[in-house]
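Student: Shown below is the structure under consideration.
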Amino acid sequence: MHSFFRINPKLRGETTPLDERVRSALVATLFGSPASLIIGAVCGMLTAIYIAVNSGSIAIAKAATVLSIVAIMRVWTTLIFSRQIRNGWGAKFTHWERLYEIGAWTYSFTLGVLCGTTILYTQDASLHTLAAANAIGYAGGISSRNAGRPMIAIGQFLLVTIPLTVSLMMIGSVTYMILAVTVTMFIIAMIGITQQTYEVVRRSFSMAQEKSDLADRMEIIALTDDLTGFTNRYGLNAHIESVFSQRGDRPVALLWMDIDRFKEVNDSLGHPVGDQLLIRISDKIRAVLGDKGAAARFGGDEFIVICPDMGIEEAEILSNRLLEVVRMPTHIDGHVINVSGSIGIAVAPYHGVEPDIVMRNADIALYGSKAAGRDQSSLFDASMNRALIRRKELEVELRAAIETDQLELHYQPIVEVATRKIVAFEALIRWDHPTRGPLRPSEFIAIAEETGLIITLGNWVVGEACRAASAWPEDISVAVNISPVQMQAAGASLGVMTALRASSLAAHRLELEITETALLESNVQVRDFVAAIDAVGIKMALDDFGTGYSSLSYLHQYNFSKIKVDSSFVSGALAGKKSDAIIKAVAELAATLDMNIVAEGIETEEQAASVLGVGCGQGQGYLYGAAMPAEQVLALLTAQGRLDQAA
Ligand code: C2E
Ligand code: MG
Ligand code: MG
């Protein structure tokens, strides 16, 4: 668990010494073929007992007994080891090597002594042959069998052959002397061969080990986020599966955290600072988490924390602690960065038992935190489900809709009330959803604003609207709604300028409709945006006037060319004498400030007459036409004789 969110030592290049692991593998070869050891032991015991019985020597009988005991013990330890190796032996392999060494040397020495005493204390040449052949054969077998640990093999050669050679030399006959010399030469050759075999075996083990190390490293790299050292999305999946498979009836808490307004840091201070911030945040998460659980970076600025054995209460405490540390100012390159986080919590088994359900519920809870104003955590609650799932689905679908051109702009005429002459069209977005049918902006603009999609969307809208308007007569403008969120995005004015340039539309024919809420959040970005568009001659209209604070101070602060009186004063619930008086006052003010005033939502002739009566020059509403597709606009203008048939 711990290593999961710690940087893996192998990544830092701190590998376990290779030789140590190779050695452990080589020691395993000592125990690798119990069959050869058993054959050796059985043959050795039979020969020893045969010689002891036929020689009648007490000394030989004693040597044969010791040899048999050692042989039995070695077979026994080898069998135990085979079981041990299946359970993994960790660092204990050196004990086993030592044990093997003691057994092997004791056996060799006993065999050597048995051989020597047979030669010295019996006269029977056939027993001499049997003993010598046994010892030499044993030495030969050892050379390859124990080549993995050459020092053990060499020790064995010497221990078995020195008593043999000494006894042969003590007899002193020419034949025995020749045999003694032969055995000595043989041993020298065998030592060479053992060392050579050892080198070959060791090298191939080393290579195999290096290869498997490399494979391990590649796997770790593939599953690790290189910026934070946390596991990445792929590693996370595997980890969640494994935590859930071991859950039993204990709870598992899943915390899904998103860094609020991280994009703004990236946009305003640059990606390197954004990256640094993510590293700092991941350090904070690591510190708070300790060994309670593991964390993963799920994508840009999202982190997922999984805590096995953690219930709801503890998860809420942990999440508050995480929010606290994220909220603390971070100093990077001389900047003091203040961010906050939003967290969604789901705990198995209360909020699902399958990993993907718990993940989805944590995500929904996160969405709840964001919708409730960010910088907070929310525990999943079944009631969040329906509304939030629909929003969540819409978010995903909207993203796809932008990419697959499912969105369309319709245009609603704005006319001179007195003459019904079209002076402009307002671009209104429409989404013909493949399964839900046509959707109104009120159903998805807010989602686009919450998710930041509005920036892409808004740029598309202004581009599309300018392109359409460039086909209209010179005296017809296009009005485009600009969301407050879009105005605050870095480079917002650039999107508008690009659209204008691409369509070759004159700047004064583009009018941006801004609501009061946008100006309420008035900050440097909003002021810069307004200044930039004002500078090139793009017009601005104050939209939905009367629904917000209706503060007249904006009219002084910003250079509006138009005020749009909200439809609620014209055709809505507020319409009546009182609202007429309000419209009148606003119209008078507009006239003195040289602004146009537009009444929205005109549905009947009476309403038209009424707004005209109180000084409203322009109007928009179903009476003059609902929003229509671009082709229909062209047809309408052609029918009115304002556009050539050919155009
Ligand atoms: P809005 O800018 O005030 O647009 C006028 C809304 O009034 C439109 O609703 C229009 O269809 C509706 N309307 C027009 N004539 C009448 C009428 O006679 N009676 C009534 N009751 N309503 C009328 P829609 O298209 O549903 O748009 C709603 C709001 O969504 C817009 O209000 C605007 O704030 C926003 N919106 C629309 N398109 C965009 C867009 O491309 N970008 C952004 N940021 N916002 C948009
Ligand atoms: Mg509007
Ligand atoms: Mg409006």
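Identifiers in the structure tokens: chain A, B, ... in order shown; residue index from 1 per chain; ligand index from 1 in order shown.
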Output the neighbourhood of ligand 2 as a compact mmCIF listing (two decimals) with N, CA, C and O atoms, in the first residue's frame, that is, all protein and nucleic acid residues with some atom at most 12 Å from the ligand, counting only C-alpha atoms and all ligand atoms.

Tutor:
# COMPACT_ATOMS: atom_id res chain seq x y z
N TYR A 411 -31.48 33.08 -35.68
CA TYR A 411 -31.38 34.53 -35.62
C TYR A 411 -32.77 35.14 -35.48
O TYR A 411 -33.67 34.81 -36.26
N GLN A 412 -32.91 35.98 -34.45
CA GLN A 412 -34.22 36.62 -34.24
C GLN A 412 -34.13 38.10 -34.64
O GLN A 412 -33.21 38.81 -34.21
N PRO A 413 -35.10 38.54 -35.47
CA PRO A 413 -35.02 39.93 -35.93
C PRO A 413 -35.24 40.94 -34.81
O PRO A 413 -36.03 40.70 -33.89
N ILE A 414 -34.54 42.05 -34.90
CA ILE A 414 -34.76 43.21 -34.03
C ILE A 414 -35.19 44.32 -35.00
O ILE A 414 -34.49 44.56 -36.00
N PHE A 425 -30.18 41.24 -36.16
CA PHE A 425 -30.65 39.91 -35.74
C PHE A 425 -29.86 39.53 -34.50
O PHE A 425 -28.65 39.76 -34.45
N GLU A 426 -30.57 38.93 -33.55
CA GLU A 426 -29.84 38.42 -32.38
C GLU A 426 -29.57 36.93 -32.59
O GLU A 426 -30.49 36.17 -32.92
N ALA A 427 -28.31 36.54 -32.44
CA ALA A 427 -27.94 35.12 -32.59
C ALA A 427 -28.30 34.38 -31.31
O ALA A 427 -27.87 34.77 -30.22
N LEU A 428 -29.10 33.33 -31.44
CA LEU A 428 -29.50 32.53 -30.27
C LEU A 428 -29.15 31.08 -30.55
O LEU A 428 -29.49 30.55 -31.61
N ILE A 429 -28.48 30.48 -29.61
CA ILE A 429 -27.98 29.14 -29.87
C ILE A 429 -29.08 28.09 -29.71
O ILE A 429 -29.96 28.23 -28.87
N PRO A 441 -31.27 27.22 -24.76
CA PRO A 441 -30.02 27.62 -24.09
C PRO A 441 -30.12 27.55 -22.57
O PRO A 441 -29.14 27.22 -21.90
N VAL A 478 -25.48 42.28 -36.23
CA VAL A 478 -25.73 41.00 -35.56
C VAL A 478 -25.43 41.18 -34.08
O VAL A 478 -24.43 41.80 -33.71
N ALA A 479 -26.34 40.67 -33.24
CA ALA A 479 -26.12 40.75 -31.80
C ALA A 479 -25.75 39.37 -31.27
O ALA A 479 -26.39 38.38 -31.63
N VAL A 480 -24.71 39.32 -30.47
CA VAL A 480 -24.23 38.03 -29.94
C VAL A 480 -24.18 38.10 -28.42
O VAL A 480 -23.67 39.07 -27.86
N ASN A 481 -24.75 37.10 -27.76
CA ASN A 481 -24.71 37.07 -26.29
C ASN A 481 -23.35 36.59 -25.80
O ASN A 481 -22.83 35.59 -26.28
N ILE A 482 -22.81 37.32 -24.85
CA ILE A 482 -21.51 36.93 -24.30
C ILE A 482 -21.70 36.58 -22.82
O ILE A 482 -22.26 37.38 -22.06
N SER A 483 -21.25 35.39 -22.45
CA SER A 483 -21.43 34.98 -21.05
C SER A 483 -20.38 35.66 -20.15
O SER A 483 -19.25 35.89 -20.58
N GLU A 511 -22.52 43.45 -32.33
CA GLU A 511 -22.96 44.01 -31.05
C GLU A 511 -22.91 42.88 -30.01
O GLU A 511 -23.50 41.82 -30.24
N LEU A 512 -22.22 43.09 -28.95
CA LEU A 512 -22.15 42.05 -27.92
C LEU A 512 -23.16 42.36 -26.83
O LEU A 512 -23.18 43.46 -26.30
N GLU A 513 -24.00 41.39 -26.50
CA GLU A 513 -25.00 41.58 -25.45
C GLU A 513 -24.44 41.06 -24.13
O GLU A 513 -24.05 39.91 -24.01
N ILE A 514 -24.37 42.00 -23.19
CA ILE A 514 -23.76 41.68 -21.90
C ILE A 514 -24.82 41.87 -20.82
O ILE A 514 -25.57 42.84 -20.85
N THR A 515 -24.88 40.93 -19.87
CA THR A 515 -25.85 41.10 -18.79
C THR A 515 -25.20 41.81 -17.62
O THR A 515 -23.97 41.84 -17.51
N GLU A 516 -26.05 42.31 -16.76
CA GLU A 516 -25.54 43.02 -15.59
C GLU A 516 -24.65 42.15 -14.71
O GLU A 516 -23.68 42.62 -14.14
N MET A 540 -21.72 47.50 -27.77
CA MET A 540 -22.14 46.72 -26.60
C MET A 540 -23.58 47.06 -26.24
O MET A 540 -23.98 48.22 -26.27
N ALA A 541 -24.35 46.02 -25.90
CA ALA A 541 -25.73 46.23 -25.46
C ALA A 541 -25.88 45.68 -24.04
O ALA A 541 -25.30 44.64 -23.73
N LEU A 542 -26.62 46.40 -23.22
CA LEU A 542 -26.87 45.90 -21.87
C LEU A 542 -28.16 45.07 -21.94
O LEU A 542 -29.24 45.62 -22.16
N ASP A 543 -27.99 43.76 -21.78
CA ASP A 543 -29.10 42.81 -22.00
C ASP A 543 -29.93 42.63 -20.73
O ASP A 543 -29.44 42.85 -19.62
N ASP A 544 -31.16 42.21 -20.91
CA ASP A 544 -32.05 41.84 -19.79
C ASP A 544 -32.14 42.94 -18.74
O ASP A 544 -32.20 42.64 -17.53
N PHE A 545 -32.14 44.20 -19.17
CA PHE A 545 -32.17 45.29 -18.20
C PHE A 545 -33.46 45.23 -17.40
O PHE A 545 -34.54 45.03 -17.94
N LYS A 562 -26.75 50.40 -26.53
CA LYS A 562 -28.13 49.91 -26.51
C LYS A 562 -28.49 49.35 -25.13
O LYS A 562 -27.65 48.76 -24.46
N ILE A 563 -29.76 49.58 -24.75
CA ILE A 563 -30.26 48.92 -23.54
C ILE A 563 -31.41 48.03 -23.98
O ILE A 563 -32.30 48.48 -24.72
N LYS A 564 -31.39 46.78 -23.57
CA LYS A 564 -32.50 45.89 -23.91
C LYS A 564 -33.36 45.68 -22.66
O LYS A 564 -32.90 45.08 -21.69
N VAL A 565 -34.57 46.19 -22.71
CA VAL A 565 -35.48 46.07 -21.56
C VAL A 565 -36.05 44.66 -21.56
O VAL A 565 -36.54 44.18 -22.59
N ASP A 566 -35.94 44.01 -20.44
CA ASP A 566 -36.32 42.60 -20.37
C ASP A 566 -37.80 42.38 -20.69
O ASP A 566 -38.66 43.21 -20.38
N SER A 567 -38.06 41.20 -21.28
CA SER A 567 -39.43 40.90 -21.72
C SER A 567 -40.44 40.88 -20.57
O SER A 567 -41.64 41.08 -20.80
N VAL A 598 -34.27 48.93 -26.69
CA VAL A 598 -34.98 47.82 -27.34
C VAL A 598 -35.89 47.15 -26.32
O VAL A 598 -35.46 46.84 -25.21
N ALA A 599 -37.14 46.94 -26.73
CA ALA A 599 -38.04 46.19 -25.85
C ALA A 599 -38.02 44.74 -26.29
O ALA A 599 -38.22 44.44 -27.47
N GLU A 600 -37.75 43.85 -25.35
CA GLU A 600 -37.71 42.42 -25.68
C GLU A 600 -39.09 41.81 -25.45
O GLU A 600 -39.86 42.29 -24.63
N GLY A 601 -39.37 40.73 -26.14
CA GLY A 601 -40.58 39.94 -25.88
C GLY A 601 -41.87 40.58 -26.33
O GLY A 601 -42.91 40.44 -25.68
N GLN A 620 -38.21 43.56 -30.22
CA GLN A 620 -37.84 42.18 -30.59
C GLN A 620 -38.90 41.29 -29.97
O GLN A 620 -39.32 41.52 -28.84
N GLY A 621 -39.36 40.31 -30.69
CA GLY A 621 -40.37 39.42 -30.12
C GLY A 621 -41.07 38.62 -31.17
O GLY A 621 -40.85 38.82 -32.38
N ALA A 627 -36.72 33.27 -33.50
CA ALA A 627 -35.39 33.01 -34.05
C ALA A 627 -35.49 31.96 -35.14
O ALA A 627 -36.25 31.00 -35.02

Student: Excluding Tyr121 (chain A) and its own-chain neighbours fewer than 2 positions away, which residues fall within 9 Å of it when counting only C-alpha atoms? Please give them as a ChimeraX atom specification.

Tutor: /A:55,57,59-60,116-119,123

Student: Could you jot down the atom 45 (N, counted along the ligand's line) of ligand 1 to CA of Ala499 (chain A) separation for me, Å, one decimal place?

Tutor: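 Separation of atom 45 (N, counted along the ligand's line) of ligand 1 and CA of Ala499 (chain A): 16.8 Å.
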
Student: Would you list, as JSON, numbers by chain, the residues of region 163-310 of chain A that end up in strand (DSSP E or B) under DSSP run on this structure's backbone?

Tutor: {"A": [224, 231, 252, 253, 254, 255, 256, 257, 258, 259, 294, 295, 296, 297, 298, 299, 302, 303, 304, 305, 306, 307, 308]}

Student: Run DSSP on the backbone and grab whatever in region 268-327 of chain A lands in helix (DSSP H, G or I); send it over as a PyMOL selection string.

Tutor: chain A and resi 268-269+271-289+312-327

Student: Point out the residue among A:Gly344, A:Pro34, A:Gly495, A:Gly235 with the least atom-to-atom distance to Phe298 (chain A), counting only C-alpha atoms.

Tutor: A:Gly235

Student: In terms of the shortest atom-to-atom distance over only C-alpha atoms, which of A:Ile142, A:Ile80, A:Ala400, A:Ala506 is closest to Ser36 (chain A)?

Tutor: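 Closest candidate: A:Ile142.
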